[in-house]
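Taking it in order: structure first as structure tokens, then the write-up.
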Amino acid sequence: MERTNSKLPGAGKLLAMPGTTSLLAEIAARAAAHLDDADEFIDRLAGVGETALGHLRSLYGGRDDFAAATVEIFDTTIDALADRPAHLRARDRLRETDGAWYQRHDLIGAWAYLDRFSGDLDGLLERLPYLQELGVGFVHLMPIFARPPGRNDGGYAISDYRRVHPPLGSMTQLRRVATTMHDAGMALAVDFVFNHTASDHPWAQGAKAGNRNDLACYLTFESKEETEAFQPWLRAIFPDEKPGSFVFEPELGRWVWSTFHNYQWDLDYRNPELFRRMLEEMLFLANVGVDVLRLDAVPFIWKEPGTSCEGLPPAHIIIRALNALVRLAAPAMVFKSEAIVHPDEVRSYLGDDTAAGRECELAYNAAFMVELWEALATGYTHLLRRSMGNRFAIPHRTAWVNYVRSHDDIGWGFADEDATAAGIDPAAHRDFLNRFYAGTEPGSFARGVPFQVNPATGDARLSGTTASLAGLERAMLDADPDAIDLAVRRILLIHGVMIGAPGIPLLNLGDELGTLNDYSYLHEPELAADSRWIHRPAFDWRRTARATDPRSVEGRIRDGIRHFLEVRRRLPMLSGRSRYQPVDAGDDHVYAADVAGTLLVVANFTPQARTVEMPGGPWIDRLGDEPVAGPMRLDGYGIRWLTPA
């Protein structure tokens with residue numbers, strides 16, 4: 001948009017503040033010239049402008065065009081606020097007074113692939129009553145944006161951030177979904193893939209056509225030799241497809257950085273114009289009504305030679321800068337990080353003490369998920385207890401997203417130092433867990449499938465639905481009622497521990513019905529090489545009818561999970577801001593955790609009954625509304641949520 005000089009009303013308010021830079025005064029003046037009511041923007045600029053400017057200076061301050069590029073970046077926020085619908089601006093003001101809405105104890109999340117859950121966006125509106133019956137108030141739709149035909153990494157190759165994948169609906173329908181969800185008190189989350197685009201994205205097409213500005217959005221190299229400054233330090237993400245991180249593109253005559261699949265081109269955040277474009281895409285989605293952006297593959301967004309190119313300091317600065325700038329135009333929206341890295345690095349994306357909740361407000365608690373499955377396989381809880389004791393605490397104004405299964409494979413990402421301290425050989429234990437959940441280890445109850453076995457390193461991950469990994473598939477094939485009962489108990493146990501922890505519990509829709517592995521992906525050429533599709537089946541709505549019978553497998557699982565959720569909503573100590581500390585139950589087969597000093601979760605990870613005596617008491621078991629005093633019996637795979645009587 002056209003801008004005039006800084007000698008305009010609006011700059012004065014900011015200039016009067018101590019320490020205000022002339023550049024921020026220029027931005028305030030430009031806002032006053034463009035916005036009908038600029039006071040709101042200028043108030044926010046006074047709060048976060050210096051922070052955003054400092055981050056941008058860290059990234060781009062050495063460039064001759066820094067001032068001009070920075071003004072253009074801030075102009076993007078002004079334009080977005082000018083376009084922001086009135087009902088979303090009202091939502092912004094409400095969220096600004098309740099800045100930690102995502103820490104509420106009664107906020108329940110769920111995720112699904114839209115096409116597999118409801119068919120399309122209109123179908124989702126029809127299915128909202130089902131979600132509301134479960135108590136869901138936070139819905140994460142897996143990738144819904146335009147994607148290339150054929151292979152597209154399950155939608156994580158984005159052809160256009162401003163178009164919905166046509167079979168799923170349109171952007172108009174997405175706006176309608178967001179508005180309807182907001183009216184129902186629900187929040188909408190979507191994936192934002194910002195490390196790369198698809199190779200058919202308009203910017204990539206422009207690069208192929210010779211547009212230098214579009215080419216500069218991507219990390220490309222004239223010769224293979226240039227890539228060797230990076231390649232030796234990089235890990236192979238998909239070793240089945242390609243050993244390295246670069247692909248030669250004949251249409252460009254250049255090598256393109258491609259961390260994941262060949263058709264996903266990595267973006268170059270050294271370019272401030274690329275940063276501005278991605279901010280613009282974020283704010284477009286904010287104005288559609290998106291509440292939460294799941295930032296995909298956050299560790300990979302900054303590259304430097306001679307490093308692993310994962311989790312480098314500028315990656316954190318980029319996210320902090322984007323967070324501050326989004327708060328200028330759409331403070332109702334927050335970020336959720338997706339970083340499958342060392343548990344300490346996962347926490348780092350929530351910000352440190354000086355930037356707590358000002359990087360990503362939410363993060364997946366991947367270590368919690370991994371160690372729930374580890375404890376279920378071994379029957380021992382010492383690794384789970386040690387890890388959560390060391391790593392559950394996070395900065396204020398942030399919250400974990402806790403879950404038992406994601407859309408992805410399970411990589412055994414526990415901290416090696418935790419395993420070593422617990423007397424476990426990390427590499428050997430990962431091999432054991434892969435064998436156990438693939439069903440090849442003697443005594444295993446699971447039926448999973450290996451994913452991305454790396455012959456060079458022996459590294460592998462694991463695919464499978466919650467129910468199949470917990471033993472339900474094997475038990476049903478054997479028609480063994482006792483084994484079916486144990487599998488149901490396992491499913492409920494890990495959900496009970498997860499839901500009984502501070503943060504947002506995120507349900508994998510279908511888990512509440514005991515959905516089994518879906519092997520049909522093997523017959524679809526575009527999917528057959530990716531075993532993760534085994535745990536991405538279509539939602540079977542016929543099973544919801546069977547779940548009305550409390551004696552059925554579906555009914556037992558759904559009723560059990562719903563009960564956990566109903567009890568949770570009555571326990572305010574489960575808010576995302578609460579302290580969580582594992583405690584010694586006196587039995588390595590039993591996991592116990594203290595929540596805020598007012599709730600004790602106690603869980604038996606073996607099929608045999610166990611008796612423990614916890615200090616304190618007497619108690620009330622909130623799951624059964626019964627008093628507990630003295631030695632406490634836990635049935636096989638039993639769980640109790642205790643509060644003081």
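Every chain in the structure tokens has a letter given in the order shown (A, B, ...), and although residue numbers restart at 1 in each chain, ligands are simply numbered from 1 in the order shown.
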- request: as a ChimeraX atom specification, please: all residues of stretch 162-281 of chain A that backbone DSSP puts in helix (DSSP H, G or I).
  value: /A:166-168,171-183,202-208,212-215,224-227,231-233,272-281
Could I get the residues of stretch 401-513 of chain A with an atom no further than 8 Å from an atom of stretch 106-123 of chain A, each paired with its nearest atom pair and that distance in Å to one decimal, using only C-alpha atoms, sorted by chain and residue number, as CSV?
residue,atom,partner,partner_atom,distance
A:Ile504,CA,A:Ile108,CA,6.0
A:Pro505,CA,A:Ile108,CA,5.6
A:Leu506,CA,A:Gly109,CA,4.3
A:Leu507,CA,A:Ala110,CA,4.4
A:Asn508,CA,A:Trp111,CA,5.4
A:Leu509,CA,A:Ala112,CA,5.8
Closest pair table for stretch 533-621 of chain A residues within 9 Å of stretch 463-474 of chain A, only C-alpha atoms, as CSV:
residue,atom,partner,partner_atom,distance
A:Trp533,CA,A:Ser463,CA,8.2
A:Ile534,CA,A:Gly464,CA,6.0
A:His535,CA,A:Thr465,CA,4.6
A:Arg536,CA,A:Thr465,CA,7.9
A:Pro537,CA,A:Thr465,CA,9.0
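The spacing separating atom CA of A:Asn195 from atom CA of A:Glu310 amounts to 11.4 Å.
Interatomic distance, atom CA of A:Gly423 to atom CA of A:Ser444: 22.1 Å.
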- request: Write out as a list in words the residues lying within 10 Å of A:Glu613, counting only C-alpha atoms and excluding same-chain residues fewer than 6 positions away.
  value: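 Here the answer would be Ala585, Gly586, Asp587, Ala629, Gly630, Pro631, Met632 and Arg633 of chain A.
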Would you output that residue set with N, CA, C and O atoms, as a short mmCIF file (atom, residue, chain, number, x, y, z; two decimals), in the first residue's frame?
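Listed below is the output, part_30.cif:
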data_model
loop_
_atom_site.label_atom_id
_atom_site.label_comp_id
_atom_site.auth_asym_id
_atom_site.auth_seq_id
_atom_site.Cartn_x
_atom_site.Cartn_y
_atom_site.Cartn_z
N ALA A 585 6.18 -44.04 44.14
CA ALA A 585 5.07 -44.83 44.66
C ALA A 585 5.56 -46.04 45.45
O ALA A 585 4.73 -46.82 45.94
N GLY A 586 6.89 -46.21 45.54
CA GLY A 586 7.42 -47.37 46.24
C GLY A 586 7.32 -48.65 45.44
O GLY A 586 7.53 -49.75 45.97
N ASP A 587 7.02 -48.53 44.15
CA ASP A 587 6.85 -49.69 43.28
C ASP A 587 7.19 -49.23 41.87
O ASP A 587 6.51 -48.35 41.32
N ALA A 629 -8.12 -45.02 51.83
CA ALA A 629 -7.26 -44.77 52.98
C ALA A 629 -6.35 -45.97 53.17
O ALA A 629 -6.72 -47.11 52.86
N GLY A 630 -5.14 -45.72 53.66
CA GLY A 630 -4.19 -46.80 53.91
C GLY A 630 -3.69 -47.42 52.63
O GLY A 630 -3.66 -46.77 51.57
N PRO A 631 -3.28 -48.69 52.67
CA PRO A 631 -2.79 -49.36 51.45
C PRO A 631 -3.85 -49.31 50.35
O PRO A 631 -5.04 -49.54 50.59
N MET A 632 -3.41 -49.02 49.16
CA MET A 632 -4.31 -48.78 48.03
C MET A 632 -4.12 -49.88 46.98
O MET A 632 -3.03 -50.10 46.50
N ARG A 633 -5.21 -50.54 46.62
CA ARG A 633 -5.16 -51.57 45.58
C ARG A 633 -5.39 -50.94 44.21
O ARG A 633 -6.30 -50.13 44.03
#
task: Compare A:Glu526, A:Glu554, A:Asp459, A:Asp268 by their minimum atom-to-atom distance to A:Ile484, counting only C-alpha atoms, and give me the closest one.
output: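 Of A:Glu526, A:Glu554, A:Asp459, A:Asp268, the one nearest A:Ile484 is A:Glu554, counting only C-alpha atoms.
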- request: Do a neighbour search on stretch 488-503 of chain A at 6 Å with only C-alpha atoms, toss out local chain neighbours closer than 4 positions, and write the hits as a PyMOL selection string.
  value: chain A and resi 399-401+574-576+637
- prompt: Quick one: distance from atom CA of A:Arg175 to atom CA of A:Val288 in Å, one decimal?
  reply: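 Result for atom CA of A:Arg175 versus atom CA of A:Val288: 5.2 Å, one decimal.
The shortest atom-to-atom distance to A:Leu642, with only C-alpha atoms taken into account, belongs to A:Arg568 out of A:Arg347, A:Arg562, A:Arg568, A:Arg151.
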Check which residues of stretch 100-148 of chain A sit at most 12 Å from stretch 317-335 of chain A using only C-alpha atoms, and return one row each with the closest pair of atoms and their distance in Å to one decimal, ordered by chain and rising number, as a Markdown table.
| residue | atom | partner | partner_atom | distance |
| --- | --- | --- | --- | --- |
| A:Ala100 | CA | A:Val334 | CA | 10.0 |
| A:Trp101 | CA | A:Ala332 | CA | 9.6 |
| A:Tyr102 | CA | A:Val334 | CA | 8.8 |
| A:Gln103 | CA | A:Val334 | CA | 11.9 |
Please, could you write that set of residues out with N, CA and C atoms as a compact mmCIF listing (two decimals), in the first residue's frame?
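Everything below was put into part.txt:
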# COMPACT_ATOMS: atom_id res chain seq x y z
N ALA A 100 -4.14 -16.23 28.61
CA ALA A 100 -3.77 -17.65 28.73
C ALA A 100 -5.00 -18.54 28.58
N TRP A 101 -5.87 -18.20 27.64
CA TRP A 101 -7.08 -19.02 27.42
C TRP A 101 -6.74 -20.47 27.11
N TYR A 102 -5.57 -20.68 26.51
CA TYR A 102 -5.15 -22.03 26.12
C TYR A 102 -4.64 -22.83 27.32
N GLN A 103 -4.59 -22.24 28.50
CA GLN A 103 -4.18 -22.96 29.71
C GLN A 103 -5.37 -23.46 30.52
- request: Do a neighbour search on A:Leu59 at 9 Å with only C-alpha atoms, toss out local chain neighbours closer than 3 positions, and write the hits as a PyMOL selection string.
  value: chain A and resi 54-56+62+269-270+272+314+317-318
I need the chosen residues saved as a CSV table (one decimal), in the first residue's frame, with N, CA and C atoms.
chain,number,residue,atom,x,y,z
A,54,GLY,N,13.7,-5.6,17.5
A,54,GLY,CA,15.0,-6.2,18.0
A,54,GLY,C,15.3,-7.5,17.3
A,55,HIS,N,14.2,-8.4,17.2
A,55,HIS,CA,14.4,-9.7,16.6
A,55,HIS,C,14.7,-9.5,15.1
A,56,LEU,N,14.0,-8.6,14.4
A,56,LEU,CA,14.3,-8.3,13.0
A,56,LEU,C,15.8,-7.8,12.8
A,62,GLY,N,22.3,-6.4,9.4
A,62,GLY,CA,23.5,-6.1,8.7
A,62,GLY,C,23.3,-5.8,7.2
A,269,TYR,N,15.0,-18.1,4.9
A,269,TYR,CA,14.7,-17.1,5.9
A,269,TYR,C,15.8,-16.0,6.0
A,270,ARG,N,16.9,-16.2,5.3
A,270,ARG,CA,17.9,-15.1,5.3
A,270,ARG,C,17.4,-14.0,4.5
A,272,PRO,N,14.7,-11.2,4.0
A,272,PRO,CA,13.6,-10.6,4.7
A,272,PRO,C,12.3,-10.5,3.9
A,314,PRO,N,19.0,-18.7,15.3
A,314,PRO,CA,18.1,-17.8,14.5
A,314,PRO,C,16.7,-18.4,14.3
A,317,ILE,N,14.7,-17.0,16.9
A,317,ILE,CA,14.5,-15.6,16.7
A,317,ILE,C,13.4,-15.4,15.7
A,318,ILE,N,13.4,-16.2,14.6
A,318,ILE,CA,12.4,-16.0,13.6
A,318,ILE,C,11.0,-16.2,14.2
